[in-house]
Structures are given as C-alpha cells and as structure tokens.
$ cat model-v2.txt   # compact mmCIF, C-alpha atoms
# COMPACT_ATOMS: atom_id res chain seq x y z
CA MET A 1 10.04 -8.40 23.24
CA LYS A 2 8.79 -5.57 25.44
CA ILE A 3 5.92 -3.13 24.92
CA ARG A 4 6.16 0.16 26.73
CA LYS A 5 4.87 3.70 26.71
CA ALA A 6 6.83 5.87 24.27
CA THR A 7 8.80 8.89 25.42
CA THR A 8 9.87 11.98 23.53
CA GLU A 9 13.31 10.38 23.24
CA ASP A 10 11.69 7.83 20.90
CA LEU A 11 10.56 10.55 18.47
CA PRO A 12 13.29 10.09 15.82
CA VAL A 13 12.49 6.37 15.46
CA LEU A 14 8.74 6.99 15.57
CA LEU A 15 9.04 9.55 12.78
CA GLU A 16 10.82 6.90 10.69
CA LEU A 17 8.08 4.37 11.45
CA GLU A 18 5.48 6.96 10.46
CA GLN A 19 7.11 7.18 7.04
CA GLY A 20 7.01 3.38 6.87
CA ILE A 21 3.26 3.35 7.40
CA ILE A 22 2.79 6.14 4.85
CA ASP A 23 4.88 4.26 2.27
CA SER A 24 2.95 1.05 2.94
CA GLU A 25 -0.39 2.84 2.45
CA ARG A 26 0.49 4.70 -0.76
CA PRO A 27 -0.42 1.73 -3.00
CA TYR A 28 -3.92 1.72 -1.46
CA ASP A 29 -4.56 5.47 -1.63
CA PRO A 30 -3.67 7.26 -4.88
CA TYR A 31 -4.21 10.65 -3.22
CA ILE A 32 -1.32 10.50 -0.75
CA ARG A 33 1.18 13.07 -1.97
CA ASP A 34 4.59 11.92 -3.18
CA ASP A 35 6.47 14.52 -1.15
CA ASP A 36 7.05 14.45 2.61
CA VAL A 37 3.82 13.61 4.38
CA ILE A 38 3.03 13.73 8.07
CA TYR A 39 0.04 11.80 9.42
CA TYR A 40 0.33 12.38 13.16
CA ASP A 41 1.44 14.90 15.73
CA ILE A 42 3.46 12.22 17.50
CA HIS A 43 4.90 14.60 20.08
CA LYS A 44 1.39 15.66 21.12
CA LEU A 45 0.24 12.03 21.24
CA ILE A 46 3.18 11.15 23.52
CA THR A 47 2.76 14.11 25.86
CA GLY A 48 -1.03 14.44 25.86
CA SER A 49 -3.15 13.33 28.80
CA ASP A 50 -5.81 11.92 26.47
CA SER A 51 -3.48 9.67 24.47
CA ILE A 52 -0.69 7.14 24.70
CA VAL A 53 1.87 5.93 22.18
CA ALA A 54 3.18 2.40 22.62
CA VAL A 55 6.42 1.05 21.22
CA VAL A 56 7.57 -2.53 20.79
CA GLU A 57 11.21 -3.15 21.58
CA THR A 58 13.29 -6.18 20.84
CA ASP A 59 17.06 -6.33 21.23
CA ASP A 60 17.01 -2.64 22.32
CA ARG A 61 15.46 -1.69 18.97
CA ILE A 62 12.00 -0.23 18.40
CA VAL A 63 10.29 -2.43 15.80
CA GLY A 64 6.67 -1.33 16.07
CA CYS A 65 4.22 1.15 17.50
CA GLY A 66 0.64 2.27 17.90
CA TYR A 67 -1.39 4.91 19.67
CA ALA A 68 -4.66 5.16 21.56
CA GLN A 69 -6.56 8.41 22.03
CA VAL A 70 -9.74 9.37 23.84
CA ARG A 71 -12.10 10.98 21.34
CA ASN A 72 -15.59 12.40 21.57
CA SER A 73 -18.19 10.25 19.85
CA LYS A 74 -20.97 11.52 17.61
CA ALA A 75 -23.82 13.04 19.60
CA CYS A 76 -26.26 10.48 18.19
CA LEU A 77 -24.44 7.52 19.73
CA THR A 78 -25.13 5.84 23.05
CA HIS A 79 -21.62 6.55 24.33
CA ASP A 80 -20.03 9.97 24.76
CA GLN A 81 -16.44 8.93 24.12
CA HIS A 82 -14.50 6.14 22.47
CA CYS A 83 -10.88 5.09 22.18
CA TYR A 84 -9.42 5.60 18.71
CA LEU A 85 -6.47 3.39 17.78
CA GLY A 86 -3.97 4.34 15.11
CA PHE A 87 -0.37 4.30 13.94
CA ILE A 88 -0.37 0.51 14.29
CA TYR A 89 2.81 -0.43 12.48
CA LEU A 90 5.42 -3.16 12.59
CA LEU A 91 8.60 -3.41 10.57
CA PRO A 92 7.94 -5.98 7.83
CA GLU A 93 10.19 -8.66 9.32
CA TYR A 94 8.16 -8.63 12.57
CA ARG A 95 4.72 -9.09 11.02
CA GLY A 96 2.74 -12.30 11.34
CA LYS A 97 4.09 -13.06 14.82
CA SER A 98 1.10 -11.81 16.88
CA ILE A 99 3.05 -8.72 17.92
CA GLY A 100 0.32 -6.49 16.50
CA GLN A 101 -2.18 -8.22 18.77
CA GLU A 102 0.09 -7.49 21.73
CA ILE A 103 0.25 -3.79 20.81
CA LEU A 104 -3.54 -3.66 20.50
CA SER A 105 -3.94 -5.42 23.85
CA PHE A 106 -1.62 -2.88 25.51
CA LEU A 107 -3.57 0.02 23.99
CA LYS A 108 -6.92 -1.54 24.81
CA SER A 109 -5.87 -1.92 28.45
CA TRP A 110 -5.01 1.78 28.56
CA GLY A 111 -8.44 2.65 27.13
CA VAL A 112 -10.23 0.41 29.61
CA GLU A 113 -8.29 2.10 32.45
CA LYS A 114 -9.65 5.39 31.11
CA GLY A 115 -13.16 3.96 31.45
CA LEU A 116 -13.77 3.42 27.74
CA GLN A 117 -15.64 0.46 26.29
CA HIS A 118 -15.81 1.39 22.61
CA PHE A 119 -12.72 1.15 20.39
CA GLN A 120 -12.38 2.28 16.78
CA LEU A 121 -9.70 2.29 14.12
CA GLY A 122 -9.39 2.94 10.42
CA VAL A 123 -7.92 0.59 7.86
CA TYR A 124 -7.86 0.54 4.07
CA SER A 125 -10.35 -2.04 2.81
CA ASP A 126 -7.79 -3.50 0.38
CA ILE A 127 -5.28 -4.36 3.11
CA ARG A 128 -6.76 -7.82 3.68
CA GLY A 129 -4.09 -8.96 6.14
CA ALA A 130 -4.77 -6.05 8.46
CA LEU A 131 -8.53 -6.55 8.19
CA ARG A 132 -8.19 -10.23 9.12
CA ALA A 133 -5.91 -9.41 12.04
CA TYR A 134 -8.35 -6.85 13.43
CA GLU A 135 -11.33 -9.16 12.91
CA LYS A 136 -9.46 -11.97 14.65
CA ILE A 137 -9.36 -9.94 17.87
CA GLY A 138 -12.99 -8.87 17.66
CA PHE A 139 -13.22 -5.76 15.51
CA LYS A 140 -16.00 -5.63 12.94
CA SER A 141 -16.69 -3.24 10.10
CA ILE A 142 -19.59 -0.91 10.85
CA SER A 143 -19.27 1.54 7.98
CA VAL A 144 -17.52 2.07 4.67
CA VAL A 145 -16.27 5.40 3.33
CA MET A 146 -16.99 5.74 -0.37
CA GLU A 147 -15.68 8.36 -2.76
CA LEU A 148 -16.59 9.78 -6.15
CA VAL A 149 -14.12 11.95 -8.03
CA VAL A 150 -15.58 14.05 -10.86

$ encode --input "model-v2.txt" --output "structure tokens"
Amino acid sequence: MKIRKATTEDLPVLLELEQGIIDSERPYDPYIRDDDVIYYDIHKLITGSDSIVAVVETDDRIVGCGYAQVRNSKACLTHDQHCYLGFIYLLPEYRGKSIGQEILSFLKSWGVEKGLQHFQLGVYSDIRGALRAYEKIGFKSISVVMELVV
C-alpha cells in the first residue's frame, strides 16, 4: 500500500470514487438528488495551492482517497484558519484495515506543514463506523446540524 499526492491523471478514478461516496451517503441523506451529483471540484483540489488530494494505491490500483484544504475559520474563533478534511473514501473491500487512519495521517501531516493546528471534517451522525474511526484518532463532535422541514 502506498499513499501519495494525487495528480490530474488520477481524475477519472477519483470521479468514480466520488460517486461511490455519494452512493454510500444517499441512505443517510434523503435530499441527495437521484441524478448525477458532484460534491467536489476535484481538479481544483488537486491543482490548488491551498489543498491536497491523497490517493491510496495497492497493486497499481487506487482504492481510496481524501483531501485536505486550508480554510478560513469563523472570526469569533481563536484561530484564523483550520484544515478541513473531506472526500475520505475507501472501496468497501479495503475498509476496517486502518487504511483510513493512514490517509488521515497523511493529510494531517500536510496541514501541520502548512502551520495549521485545528482540523475539521463533516460526517453523517448515523454513520456510526465512521464516527468511531474519527473518534479513535482524536476527533470529537463539537456541534450538530439540525434541520426542520415544513
């Protein structure tokens, strides 16, 4: 297994993985449209100076990914910027093998190199496995988004 920085040549596979994450999140979010959905501007994340996309390769095949991006924090916070993590996805057959932790470690190292100390990510509250995995490496929930549809 190897984790490396993604290149634009990886885009076709990353676009497929994006659809995998969207499909896996549909059961948890009834508002995701059924047609083609795009979550990320992956090309911009790969080529931007304020972001990095990581891919996990095994047997010359990309089996997972994630991104880190420098974002401005709310003005009321003690820190001006934080590192947002997203697009954390592994093909189902590679889950439960600590590969996700390796991706997060790679992305965290990039953020630390950028001088960041605060890291954030979003996860659906009903995806218990993901919550446990993030908590296991030190993340904690600091807020909950609630919704009312009338």

$ residues_around --input "model-v2.txt" --residues "Gly64 of chain A" --least-positions-apart "5" --cutoff "12 Å" --atoms "all atoms listed in the file" --output "PDB file with C-alpha atoms, keeping the file's coordinate frame"
ATOM      1  CA  MET A   1      10.040  -8.400  23.240  1.00  0.00           C
ATOM      2  CA  LYS A   2       8.790  -5.570  25.440  1.00  0.00           C
ATOM      3  CA  ILE A   3       5.920  -3.130  24.920  1.00  0.00           C
ATOM      4  CA  ARG A   4       6.160   0.160  26.730  1.00  0.00           C
ATOM      5  CA  LYS A   5       4.870   3.700  26.710  1.00  0.00           C
ATOM      6  CA  ALA A   6       6.830   5.870  24.270  1.00  0.00           C
ATOM      7  CA  ASP A  10      11.690   7.830  20.900  1.00  0.00           C
ATOM      8  CA  VAL A  13      12.490   6.370  15.460  1.00  0.00           C
ATOM      9  CA  LEU A  14       8.740   6.990  15.570  1.00  0.00           C
ATOM     10  CA  LEU A  15       9.040   9.550  12.780  1.00  0.00           C
ATOM     11  CA  GLU A  16      10.820   6.900  10.690  1.00  0.00           C
ATOM     12  CA  LEU A  17       8.080   4.370  11.450  1.00  0.00           C
ATOM     13  CA  GLU A  18       5.480   6.960  10.460  1.00  0.00           C
ATOM     14  CA  GLY A  20       7.010   3.380   6.870  1.00  0.00           C
ATOM     15  CA  ILE A  21       3.260   3.350   7.400  1.00  0.00           C
ATOM     16  CA  VAL A  53       1.870   5.930  22.180  1.00  0.00           C
ATOM     17  CA  ALA A  54       3.180   2.400  22.620  1.00  0.00           C
ATOM     18  CA  VAL A  55       6.420   1.050  21.220  1.00  0.00           C
ATOM     19  CA  VAL A  56       7.570  -2.530  20.790  1.00  0.00           C
ATOM     20  CA  GLU A  57      11.210  -3.150  21.580  1.00  0.00           C
ATOM     21  CA  THR A  58      13.290  -6.180  20.840  1.00  0.00           C
ATOM     22  CA  PHE A  87      -0.370   4.300  13.940  1.00  0.00           C
ATOM     23  CA  ILE A  88      -0.370   0.510  14.290  1.00  0.00           C
ATOM     24  CA  TYR A  89       2.810  -0.430  12.480  1.00  0.00           C
ATOM     25  CA  LEU A  90       5.420  -3.160  12.590  1.00  0.00           C
ATOM     26  CA  LEU A  91       8.600  -3.410  10.570  1.00  0.00           C
ATOM     27  CA  PRO A  92       7.940  -5.980   7.830  1.00  0.00           C
ATOM     28  CA  GLU A  93      10.190  -8.660   9.320  1.00  0.00           C
ATOM     29  CA  TYR A  94       8.160  -8.630  12.570  1.00  0.00           C
ATOM     30  CA  ARG A  95       4.720  -9.090  11.020  1.00  0.00           C
ATOM     31  CA  SER A  98       1.100 -11.810  16.880  1.00  0.00           C
ATOM     32  CA  ILE A  99       3.050  -8.720  17.920  1.00  0.00           C
ATOM     33  CA  GLY A 100       0.320  -6.490  16.500  1.00  0.00           C
ATOM     34  CA  GLN A 101      -2.180  -8.220  18.770  1.00  0.00           C
ATOM     35  CA  GLU A 102       0.090  -7.490  21.730  1.00  0.00           C
ATOM     36  CA  ILE A 103       0.250  -3.790  20.810  1.00  0.00           C
ATOM     37  CA  LEU A 104      -3.540  -3.660  20.500  1.00  0.00           C
TER      38      LEU A 104
END

$ atom_distance --input "model-v2.txt" --atom1 "atom CA of Asp29 of chain A" --atom2 "atom CA of Phe139 of chain A"
22.2 Å

$ atom_distance --input "model-v2.txt" --atom1 "atom CA of Ser109 of chain A" --atom2 "atom CA of Ile46 of chain A"
16.6 Å

$ residues_around --input "model-v2.txt" --residues "segment 82-85 of chain A" --least-positions-apart "5" --cutoff "8 Å" --atoms "all atoms listed in the file" --output "VMD selection string"
chain A and resid 66 to 73 107 111 116 to 122

$ closest_residue --input "model-v2.txt" --among "A:Leu148, A:Trp110, A:Ile22, A:Ile137" --to "Ser49 of chain A" --atoms "all atoms listed in the file"
A:Trp110

$ closest_residue --input "model-v2.txt" --among "A:Ile32, A:Ile62, A:Arg128, A:Gln81" --to "Glu9 of chain A" --atoms "all atoms listed in the file"
A:Ile62

$ closest_residue --input "model-v2.txt" --among "A:Arg61, A:Lys114, A:Arg132, A:Lys108" --to "Gly96 of chain A" --atoms "all atoms listed in the file"
A:Arg132

$ residues_around --input "model-v2.txt" --residues "segment 25-27 of chain A" --least-positions-apart "5" --cutoff "10 Å" --atoms "only C-alpha atoms" --output "ChimeraX atom specification"
/A:19-20,32-34,123-124,126-127

$ atom_distance --input "model-v2.txt" --atom1 "atom CA of Thr8 of chain A" --atom2 "atom CA of Ser51 of chain A"
13.6 Å

$ closest_residue --input "model-v2.txt" --among "A:Val149, A:Leu131, A:Ala75, A:Val37" --to "Asp23 of chain A" --atoms "all atoms listed in the file"
A:Val37
